[in-house]
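Student: mmCIF, C-alpha atoms, file entry30.cif:
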```cif
data_data
#
loop_
_atom_site.group_PDB
_atom_site.id
_atom_site.type_symbol
_atom_site.label_atom_id
_atom_site.label_comp_id
_atom_site.auth_asym_id
_atom_site.auth_seq_id
_atom_site.Cartn_x
_atom_site.Cartn_y
_atom_site.Cartn_z
ATOM 1 C CA MET A 165 -18.962 17.400 -12.353
ATOM 2 C CA GLU A 166 -18.438 19.176 -9.054
ATOM 3 C CA GLY A 167 -20.372 16.469 -7.232
ATOM 4 C CA SER A 168 -18.295 13.692 -8.788
ATOM 5 C CA VAL A 169 -15.098 15.534 -7.817
ATOM 6 C CA LEU A 170 -16.220 15.698 -4.188
ATOM 7 C CA VAL A 171 -17.145 12.013 -4.273
ATOM 8 C CA GLY A 172 -13.781 11.100 -5.766
ATOM 9 C CA VAL A 173 -11.847 13.083 -3.160
ATOM 10 C CA ALA A 174 -13.901 11.661 -0.282
ATOM 11 C CA VAL A 175 -13.559 8.068 -1.495
ATOM 12 C CA ALA A 176 -9.820 8.356 -2.153
ATOM 13 C CA LEU A 177 -9.065 9.873 1.248
ATOM 14 C CA LEU A 178 -11.512 8.079 3.537
ATOM 15 C CA VAL A 179 -12.127 4.567 2.182
ATOM 16 C CA PRO A 180 -8.520 3.241 2.401
ATOM 17 C CA PHE A 181 -8.145 4.877 5.821
ATOM 18 C CA ALA A 182 -11.341 3.145 6.968
ATOM 19 C CA GLY A 183 -9.931 -0.209 5.847
ATOM 20 C CA ASN A 184 -6.783 0.335 7.879
ATOM 21 C CA THR A 185 -8.851 1.347 10.924
ATOM 22 C CA LEU A 186 -10.966 -1.780 10.610
ATOM 23 C CA GLY A 187 -7.834 -3.920 10.434
ATOM 24 C CA ALA A 188 -6.398 -2.248 13.534
ATOM 25 C CA ALA A 189 -9.703 -2.900 15.344
ATOM 26 C CA LEU A 190 -9.103 -6.640 15.028
ATOM 27 C CA VAL A 191 -6.848 -6.347 18.076
ATOM 28 C CA PHE A 192 -10.079 -6.442 20.096
ATOM 29 C CA LEU A 193 -11.480 -9.501 18.330
ATOM 30 C CA LEU A 194 -8.449 -11.753 17.888
ATOM 31 C CA ARG A 195 -7.675 -12.097 21.575
ATOM 32 C CA ARG A 196 -5.238 -14.963 21.034
ATOM 33 C CA GLY A 197 -3.369 -13.263 18.245
ATOM 34 C CA MET A 198 -3.067 -14.472 14.651
ATOM 35 C CA SER A 199 -2.074 -17.973 13.595
ATOM 36 C CA GLU A 200 0.838 -18.503 11.220
ATOM 37 C CA ARG A 201 -1.483 -19.802 8.514
ATOM 38 C CA LEU A 202 -3.823 -16.808 8.729
ATOM 39 C CA SER A 203 -0.904 -14.387 8.798
ATOM 40 C CA LYS A 204 0.602 -15.896 5.643
ATOM 41 C CA ALA A 205 -2.748 -15.969 3.850
ATOM 42 C CA LEU A 206 -3.445 -12.318 4.658
ATOM 43 C CA ALA A 207 0.065 -11.176 3.729
ATOM 44 C CA GLY A 208 -0.248 -13.014 0.417
ATOM 45 C CA PHE A 209 -3.675 -11.504 -0.197
ATOM 46 C CA ALA A 210 -2.326 -7.985 0.426
ATOM 47 C CA ALA A 211 0.584 -8.677 -1.942
ATOM 48 C CA GLY A 212 -1.750 -9.898 -4.683
ATOM 49 C CA VAL A 213 -3.960 -6.815 -4.431
ATOM 50 C CA MET A 214 -0.963 -4.487 -4.619
ATOM 51 C CA MET A 215 0.536 -6.346 -7.590
ATOM 52 C CA ALA A 216 -2.690 -6.160 -9.591
ATOM 53 C CA ALA A 217 -3.241 -2.515 -8.634
ATOM 54 C CA SER A 218 0.285 -1.689 -9.796
ATOM 55 C CA VAL A 219 -0.441 -3.140 -13.235
ATOM 56 C CA TRP A 220 -4.073 -2.295 -14.001
ATOM 57 C CA SER A 221 -4.503 0.919 -12.010
ATOM 58 C CA LEU A 222 -1.052 2.453 -12.508
ATOM 59 C CA ILE A 223 1.300 0.977 -15.147
ATOM 60 C CA ILE A 224 -1.286 0.541 -17.914
ATOM 61 C CA PRO A 225 -2.743 4.065 -17.382
ATOM 62 C CA ALA A 226 0.834 5.421 -17.325
ATOM 63 C CA LEU A 227 1.537 3.849 -20.720
ATOM 64 C CA GLU A 228 -1.739 5.195 -22.116
ATOM 65 C CA ALA A 229 -1.080 8.676 -20.712
ATOM 66 C CA SER A 230 2.359 8.675 -22.382
ATOM 67 C CA GLU A 231 0.819 8.646 -25.861
ATOM 68 C CA GLY A 232 1.440 11.959 -27.567
ATOM 69 C CA LEU A 233 4.373 12.961 -25.377
ATOM 70 C CA PRO A 234 7.654 13.848 -27.156
ATOM 71 C CA VAL A 235 9.392 10.788 -25.688
ATOM 72 C CA PRO A 236 9.177 7.030 -26.330
ATOM 73 C CA GLY A 237 5.916 5.672 -24.913
ATOM 74 C CA TRP A 238 7.664 3.297 -22.531
ATOM 75 C CA LEU A 239 10.062 5.874 -21.059
ATOM 76 C CA PRO A 240 7.795 7.590 -18.471
ATOM 77 C CA ALA A 241 6.604 4.252 -17.091
ATOM 78 C CA ALA A 242 10.141 2.854 -16.879
ATOM 79 C CA VAL A 243 11.637 5.975 -15.291
ATOM 80 C CA GLY A 244 8.751 6.439 -12.867
ATOM 81 C CA PHE A 245 8.719 2.790 -11.804
ATOM 82 C CA LEU A 246 12.442 2.716 -11.051
ATOM 83 C CA ALA A 247 12.237 6.046 -9.200
ATOM 84 C CA GLY A 248 9.456 4.679 -6.986
ATOM 85 C CA MET A 249 11.490 1.575 -6.187
ATOM 86 C CA LEU A 250 14.552 3.686 -5.358
ATOM 87 C CA LEU A 251 12.602 6.016 -3.085
ATOM 88 C CA LEU A 252 11.221 3.153 -1.000
ATOM 89 C CA LEU A 253 14.663 1.549 -0.961
ATOM 90 C CA ALA A 254 16.046 4.775 0.531
ATOM 91 C CA VAL A 255 13.205 5.078 3.046
ATOM 92 C CA ASP A 256 13.679 1.435 4.029
ATOM 93 C CA HIS A 257 17.435 1.886 4.403
ATOM 94 C CA PHE A 258 17.437 5.106 6.412
ATOM 95 C CA THR A 259 14.394 4.530 8.667
ATOM 96 C CA PRO A 260 14.741 2.292 11.743
ATOM 97 C CA HIS A 261 11.829 -0.163 11.645
ATOM 98 C CA LEU A 262 10.843 -3.652 12.752
ATOM 99 C CA HIS A 263 8.600 -5.940 10.729
ATOM 100 C CA ALA A 264 6.005 -8.182 12.313
ATOM 101 C CA GLY A 265 7.543 -11.537 13.187
ATOM 102 C CA ALA A 266 11.110 -10.264 12.822
ATOM 103 C CA THR A 267 13.566 -10.361 15.706
ATOM 104 C CA GLU A 268 16.069 -7.815 14.398
ATOM 105 C CA PRO A 269 15.192 -4.257 13.308
ATOM 106 C CA GLU A 270 16.222 -2.886 9.930
ATOM 107 C CA GLY A 271 17.715 0.469 9.045
ATOM 108 C CA PRO A 272 20.167 2.509 11.127
ATOM 109 C CA THR A 273 20.871 1.570 14.729
ATOM 110 C CA SER A 274 18.331 3.179 17.036
ATOM 111 C CA ALA A 275 17.335 3.261 20.690
ATOM 112 C CA LEU A 276 13.648 3.399 19.783
ATOM 113 C CA LYS A 277 11.243 0.910 21.364
ATOM 114 C CA LYS A 278 10.220 -2.145 19.370
ATOM 115 C CA SER A 279 6.613 -0.939 19.243
ATOM 116 C CA THR A 280 7.720 2.393 17.769
ATOM 117 C CA MET A 281 9.837 0.715 15.095
ATOM 118 C CA MET A 282 6.917 -1.568 14.229
ATOM 119 C CA LEU A 283 4.784 1.538 13.695
ATOM 120 C CA PHE A 284 7.440 2.901 11.346
ATOM 121 C CA ALA A 285 7.221 -0.352 9.389
ATOM 122 C CA LEU A 286 3.457 0.099 9.046
ATOM 123 C CA ALA A 287 3.946 3.677 7.914
ATOM 124 C CA ILE A 288 6.410 2.521 5.226
ATOM 125 C CA HIS A 289 3.748 0.051 4.032
ATOM 126 C CA ASN A 290 0.992 2.641 3.945
ATOM 127 C CA LEU A 291 2.865 5.453 2.203
ATOM 128 C CA PRO A 292 3.007 3.926 -1.322
ATOM 129 C CA GLU A 293 -0.643 2.848 -1.089
ATOM 130 C CA GLY A 294 -1.680 6.416 -0.312
ATOM 131 C CA MET A 295 0.517 7.649 -3.144
ATOM 132 C CA ALA A 296 -1.124 5.226 -5.569
ATOM 133 C CA VAL A 297 -4.653 6.354 -4.711
ATOM 134 C CA GLY A 298 -3.566 9.995 -4.772
ATOM 135 C CA VAL A 299 -2.036 9.897 -8.227
ATOM 136 C CA VAL A 300 -5.105 8.182 -9.717
ATOM 137 C CA LEU A 301 -7.252 10.830 -8.030
ATOM 138 C CA ALA A 302 -4.960 13.507 -9.489
ATOM 139 C CA GLY A 303 -5.458 12.076 -12.980
ATOM 140 C CA PHE A 304 -9.225 12.140 -12.517
ATOM 141 C CA LEU A 305 -9.179 15.725 -11.214
ATOM 142 C CA ALA A 306 -7.005 16.763 -14.173
ATOM 143 C CA GLY A 307 -9.599 15.392 -16.580
ATOM 144 C CA ASP A 308 -7.443 12.610 -17.993
ATOM 145 C CA PRO A 309 -9.775 10.595 -20.278
ATOM 146 C CA MET A 310 -8.089 7.338 -19.251
ATOM 147 C CA ILE A 311 -8.933 7.787 -15.547
ATOM 148 C CA SER A 312 -12.578 7.932 -14.454
ATOM 149 C CA LEU A 313 -14.322 8.264 -11.111
ATOM 150 C CA ALA A 314 -14.903 4.509 -11.285
ATOM 151 C CA SER A 315 -11.114 4.026 -11.505
ATOM 152 C CA VAL A 316 -10.651 6.041 -8.315
ATOM 153 C CA VAL A 317 -13.368 4.041 -6.569
ATOM 154 C CA ALA A 318 -12.000 0.682 -7.753
ATOM 155 C CA LEU A 319 -8.473 1.392 -6.557
ATOM 156 C CA SER A 320 -9.642 2.927 -3.263
ATOM 157 C CA VAL A 321 -11.867 -0.065 -2.496
ATOM 158 C CA GLY A 322 -9.118 -2.520 -3.448
ATOM 159 C CA ILE A 323 -6.567 -0.776 -1.232
ATOM 160 C CA ALA A 324 -9.110 -0.608 1.609
ATOM 161 C CA ILE A 325 -9.760 -4.353 1.358
ATOM 162 C CA GLN A 326 -6.062 -5.205 1.567
ATOM 163 C CA ASN A 327 -5.589 -2.630 4.352
ATOM 164 C CA VAL A 328 -7.791 -4.730 6.640
ATOM 165 C CA PRO A 329 -5.426 -7.720 6.865
ATOM 166 C CA GLU A 330 -2.365 -5.476 6.643
ATOM 167 C CA GLY A 331 -3.566 -3.338 9.555
ATOM 168 C CA ALA A 332 -4.227 -6.461 11.606
ATOM 169 C CA ILE A 333 -0.866 -8.069 10.766
ATOM 170 C CA VAL A 334 1.000 -5.064 12.124
ATOM 171 C CA SER A 335 -1.297 -3.898 14.941
ATOM 172 C CA LEU A 336 -1.715 -7.274 16.643
ATOM 173 C CA PRO A 337 2.008 -7.754 17.437
ATOM 174 C CA LEU A 338 2.017 -4.348 19.128
ATOM 175 C CA VAL A 339 -0.017 -5.911 21.941
ATOM 176 C CA GLY A 340 2.823 -8.308 22.623
ATOM 177 C CA ASN A 341 5.405 -5.527 22.558
ATOM 178 C CA GLY A 342 4.282 -3.386 25.447
ATOM 179 C CA LEU A 343 1.075 -1.723 24.227
ATOM 180 C CA SER A 344 -2.435 -2.299 25.548
ATOM 181 C CA ARG A 345 -5.123 -3.233 23.026
ATOM 182 C CA PRO A 346 -6.672 0.277 22.969
ATOM 183 C CA ARG A 347 -3.232 1.836 22.460
ATOM 184 C CA ALA A 348 -2.329 -0.692 19.757
ATOM 185 C CA PHE A 349 -5.589 0.136 17.979
ATOM 186 C CA ALA A 350 -4.956 3.882 18.281
ATOM 187 C CA ALA A 351 -1.383 3.508 17.031
ATOM 188 C CA GLY A 352 -2.414 1.372 14.051
ATOM 189 C CA THR A 353 -5.171 3.843 13.180
ATOM 190 C CA LEU A 354 -2.803 6.787 13.453
ATOM 191 C CA CYS A 355 -0.345 5.130 11.073
ATOM 192 C CA GLY A 356 -3.200 4.802 8.602
ATOM 193 C CA ALA A 357 -3.240 8.601 8.390
ATOM 194 C CA VAL A 358 -0.077 8.289 6.291
ATOM 195 C CA GLU A 359 -2.252 7.162 3.379
ATOM 196 C CA PRO A 360 -4.457 10.268 2.976
ATOM 197 C CA ALA A 361 -1.341 12.397 3.565
ATOM 198 C CA GLY A 362 0.494 10.553 0.783
ATOM 199 C CA ALA A 363 -2.551 10.865 -1.462
ATOM 200 C CA MET A 364 -2.739 14.634 -1.031
ATOM 201 C CA LEU A 365 1.004 14.931 -1.675
ATOM 202 C CA MET A 366 0.603 13.160 -5.026
ATOM 203 C CA VAL A 367 -2.383 15.349 -5.948
ATOM 204 C CA ALA A 368 -0.328 18.453 -5.180
ATOM 205 C CA ILE A 369 2.722 17.279 -7.142
ATOM 206 C CA THR A 370 0.720 16.197 -10.181
ATOM 207 C CA GLY A 371 -1.303 19.411 -10.089
ATOM 208 C CA LEU A 372 1.884 21.426 -10.602
ATOM 209 C CA ALA A 373 2.471 19.866 -14.014
ATOM 210 C CA THR A 374 -0.102 17.551 -15.608
ATOM 211 C CA PRO A 375 2.406 16.196 -18.211
ATOM 212 C CA ILE A 376 4.253 14.381 -15.413
ATOM 213 C CA LEU A 377 1.159 12.253 -14.696
ATOM 214 C CA PRO A 378 2.489 9.092 -16.453
ATOM 215 C CA TYR A 379 5.754 9.372 -14.509
ATOM 216 C CA VAL A 380 3.934 9.740 -11.190
ATOM 217 C CA LEU A 381 1.536 6.861 -11.950
ATOM 218 C CA ALA A 382 4.481 4.539 -12.564
ATOM 219 C CA PHE A 383 6.315 6.014 -9.568
ATOM 220 C CA ALA A 384 3.475 4.905 -7.276
ATOM 221 C CA ALA A 385 3.518 1.459 -8.903
ATOM 222 C CA GLY A 386 7.239 1.106 -8.236
ATOM 223 C CA ALA A 387 6.809 2.119 -4.606
ATOM 224 C CA MET A 388 4.068 -0.470 -4.085
ATOM 225 C CA MET A 389 6.008 -3.216 -5.828
ATOM 226 C CA TYR A 390 8.964 -2.551 -3.549
ATOM 227 C CA VAL A 391 6.809 -3.314 -0.511
ATOM 228 C CA VAL A 392 5.473 -6.465 -2.190
ATOM 229 C CA VAL A 393 8.874 -7.876 -3.175
ATOM 230 C CA GLU A 394 10.859 -6.722 -0.149
ATOM 231 C CA GLU A 395 8.399 -7.554 2.629
ATOM 232 C CA LEU A 396 5.075 -9.199 1.830
ATOM 233 C CA ILE A 397 6.205 -12.031 -0.461
ATOM 234 C CA PRO A 398 9.114 -13.026 1.828
ATOM 235 C CA GLN A 399 6.659 -13.183 4.764
ATOM 236 C CA THR A 400 4.579 -15.761 2.909
ATOM 237 C CA GLN A 401 7.560 -17.952 1.988
ATOM 238 C CA GLN A 402 9.264 -18.350 5.359
ATOM 239 C CA GLY A 403 8.772 -21.463 7.474
ATOM 240 C CA ARG A 404 5.754 -23.706 6.986
ATOM 241 C CA HIS A 405 2.456 -23.272 5.115
ATOM 242 C CA THR A 406 4.037 -21.355 2.221
ATOM 243 C CA ASN A 407 1.365 -22.628 -0.176
ATOM 244 C CA ILE A 408 -1.269 -20.752 1.820
ATOM 245 C CA GLY A 409 0.551 -17.508 1.136
ATOM 246 C CA THR A 410 0.676 -18.324 -2.581
ATOM 247 C CA VAL A 411 -3.076 -18.970 -2.646
ATOM 248 C CA GLY A 412 -3.552 -15.638 -0.878
ATOM 249 C CA VAL A 413 -1.541 -13.863 -3.590
ATOM 250 C CA ALA A 414 -3.719 -15.423 -6.294
ATOM 251 C CA ALA A 415 -6.940 -14.450 -4.515
ATOM 252 C CA GLY A 416 -5.836 -10.864 -3.930
ATOM 253 C CA PHE A 417 -4.538 -10.450 -7.483
ATOM 254 C CA VAL A 418 -7.744 -11.733 -9.076
ATOM 255 C CA LEU A 419 -9.978 -9.667 -6.790
ATOM 256 C CA MET A 420 -8.145 -6.415 -7.575
ATOM 257 C CA MET A 421 -8.019 -7.210 -11.290
ATOM 258 C CA VAL A 422 -11.758 -7.846 -11.365
ATOM 259 C CA LEU A 423 -12.475 -4.662 -9.392
ATOM 260 C CA ASP A 424 -10.384 -2.541 -11.738
ATOM 261 C CA VAL A 425 -11.686 -4.055 -14.971
ATOM 262 C CA ALA A 426 -15.323 -4.193 -13.851
ATOM 263 C CA LEU A 427 -15.457 -0.728 -12.261
ATOM 264 C CA GLY A 428 -12.680 1.098 -14.056
#
```
Would you mind writing the file out in structure tokens?

Tutor:
Amino acid sequence: MEGSVLVGVAVALLVPFAGNTLGAALVFLLRRGMSERLSKALAGFAAGVMMAASVWSLIIPALEASEGLPVPGWLPAAVGFLAGMLLLLAVDHFTPHLHAGATEPEGPTSALKKSTMMLFALAIHNLPEGMAVGVVLAGFLAGDPMISLASVVALSVGIAIQNVPEGAIVSLPLVGNGLSRPRAFAAGTLCGAVEPAGAMLMVAITGLATPILPYVLAFAAGAMMYVVVEELIPQTQQGRHTNIGTVGVAAGFVLMMVLDVALG
């Protein structure tokens, strides 16, 4: 058991971070930047992965973990989901940030550089993904029968796969906003460190009281769905080639669903 625990911790902390690093490294390969079609396809793919992960890796386990609690079975999932959405809404509202392709920053007025605000946007993206992996890891470490090592691996691999295009989508524009390619890569990689930090935070919180596991599972799902609805889906539906973004959503959703069902 001890060996599987070490494997689970290593996979949950390192694999998604590696995916983000690989995506940031694309600044060295895509010398001419990213086309609109590719950007929409990758954003849609990332959205599809996060949507499927929210359902199969988080909401369904939250409902299963609620069985036997002295509350209606749907309550922890509903409360946790809404709390996750509200947290990301607050972070989005009070943090100055600039999304890739946008001309106007969001959040409070700030004198920060565009490149810095773009890094904040990446950090906002990465936080709920780290939280999602962390809470599934916490369930595994707590011995929850509904969450296995395979579940941790499936979610970690799925998040890592979608981190590749997401890291590229955000890191590449940094080159056009005052950063050299090595610095854009370093900045994108550094932002990826938000994920293992978020994962460890969820492990710590859940470890304080195992009965809150279903709430925290749904909380992570709500946080991820906020990013999908607020940022990724709108990116795929602006301007031309919107169908490519829709195809990307379908591909990402199916891939993550298959990973979770086959491995989890």

Student: Go through the shown structure with the PyMOL selection byres ((chain A and resi 420) around 6) and write out the matching residues as a CSV table (one decimal) with C-alpha atoms, in the coordinates of the input.

Tutor:
```
chain,number,residue,atom,x,y,z
A,213,VAL,CA,-4.0,-6.8,-4.4
A,216,ALA,CA,-2.7,-6.2,-9.6
A,322,GLY,CA,-9.1,-2.5,-3.4
A,417,PHE,CA,-4.5,-10.4,-7.5
A,418,VAL,CA,-7.7,-11.7,-9.1
A,419,LEU,CA,-10.0,-9.7,-6.8
A,421,MET,CA,-8.0,-7.2,-11.3
A,422,VAL,CA,-11.8,-7.8,-11.4
A,423,LEU,CA,-12.5,-4.7,-9.4
```

Student: Please write the residues picked by the PyMOL selection byres ((chain A and resi 296) around 8) on this file as a VMD selection string.

Tutor: chain A and resid 222 292 to 295 297 to 300 363 381 384 to 385 388

Student: In Å, rounded to a single decimal, give me how far atom CA of A:Phe383 is from atom CA of A:Gly362.

Tutor: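 Interatomic distance here is 12.7 Å.
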
Student: Would you mind telling me which residue in A:Val191, A:Val169, A:Leu252, A:Met198 lies nearest to A:Ala348 when using only C-alpha atoms?

Tutor: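 Closest to A:Ala348, using only C-alpha atoms: A:Val191.
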
Student: Please provide as a short mmCIF file (atom, residue, chain, number, x, y, z; two decimals) with C-alpha atoms, in the frame of the given file all residues within 12 Å of A:Asp308, with the sequence filter that same-chain residues fewer than 6 positions apart are discarded (counting all atoms listed in the file).

Tutor:
```cif
data_model
loop_
_atom_site.label_atom_id
_atom_site.label_comp_id
_atom_site.auth_asym_id
_atom_site.auth_seq_id
_atom_site.Cartn_x
_atom_site.Cartn_y
_atom_site.Cartn_z
CA PRO A 225 -2.74 4.07 -17.38
CA ALA A 226 0.83 5.42 -17.32
CA GLU A 228 -1.74 5.20 -22.12
CA ALA A 229 -1.08 8.68 -20.71
CA SER A 230 2.36 8.68 -22.38
CA VAL A 299 -2.04 9.90 -8.23
CA VAL A 300 -5.11 8.18 -9.72
CA LEU A 301 -7.25 10.83 -8.03
CA ALA A 302 -4.96 13.51 -9.49
CA SER A 315 -11.11 4.03 -11.50
CA THR A 370 0.72 16.20 -10.18
CA THR A 374 -0.10 17.55 -15.61
CA PRO A 375 2.41 16.20 -18.21
CA LEU A 377 1.16 12.25 -14.70
CA PRO A 378 2.49 9.09 -16.45
#
```

Student: For A:Val334, which of A:Ser312, A:Asn407, A:Ser320, A:Thr353 is the closest residue, counting all atoms listed in the file?

Tutor: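 Comparing A:Ser312, A:Asn407, A:Ser320, A:Thr353 against A:Val334, the winner is A:Thr353.
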
Student: Please determine, counting all atoms listed in the file, which residue among A:Met215, A:Val391, A:Leu336, A:Val425 has the shortest atom-to-atom distance to A:Ser203.

Tutor: A:Leu336

Student: Carefully work through the PyMOL selection byres ((chain A and resi 347) around 12) for this structure and note down the residues it includes, as a ChimeraX atom specification.

Tutor: /A:188-189,191-192,279-280,283,335-336,338-346,348-354

Student: Expressed in Å to a single decimal, how great is the separation between atom CA of A:Lys204 and atom CA of A:Lys277?

Tutor: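 If I compute the distance from atom CA of A:Lys204 to atom CA of A:Lys277, I get 25.4 Å.
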
Student: Counting all atoms listed in the file, which residues of stretch 345-410 of chain A fall within 12 Å of stretch 253-260 of chain A, and what is the closest atom pair for each with its distance in Å at one decimal, ordered by chain and rising number, as CSV?

Tutor:
```
residue,atom,partner,partner_atom,distance
A:Gly386,CA,A:Leu253,CA,10.4
A:Ala387,CA,A:Leu253,CA,8.7
A:Met388,CA,A:Leu253,CA,11.2
A:Met389,CA,A:Leu253,CA,11.0
A:Tyr390,CA,A:Leu253,CA,7.5
A:Val391,CA,A:Leu253,CA,9.2
A:Val393,CA,A:Leu253,CA,11.3
A:Glu394,CA,A:Leu253,CA,9.1
A:Glu395,CA,A:Asp256,CA,10.5
```
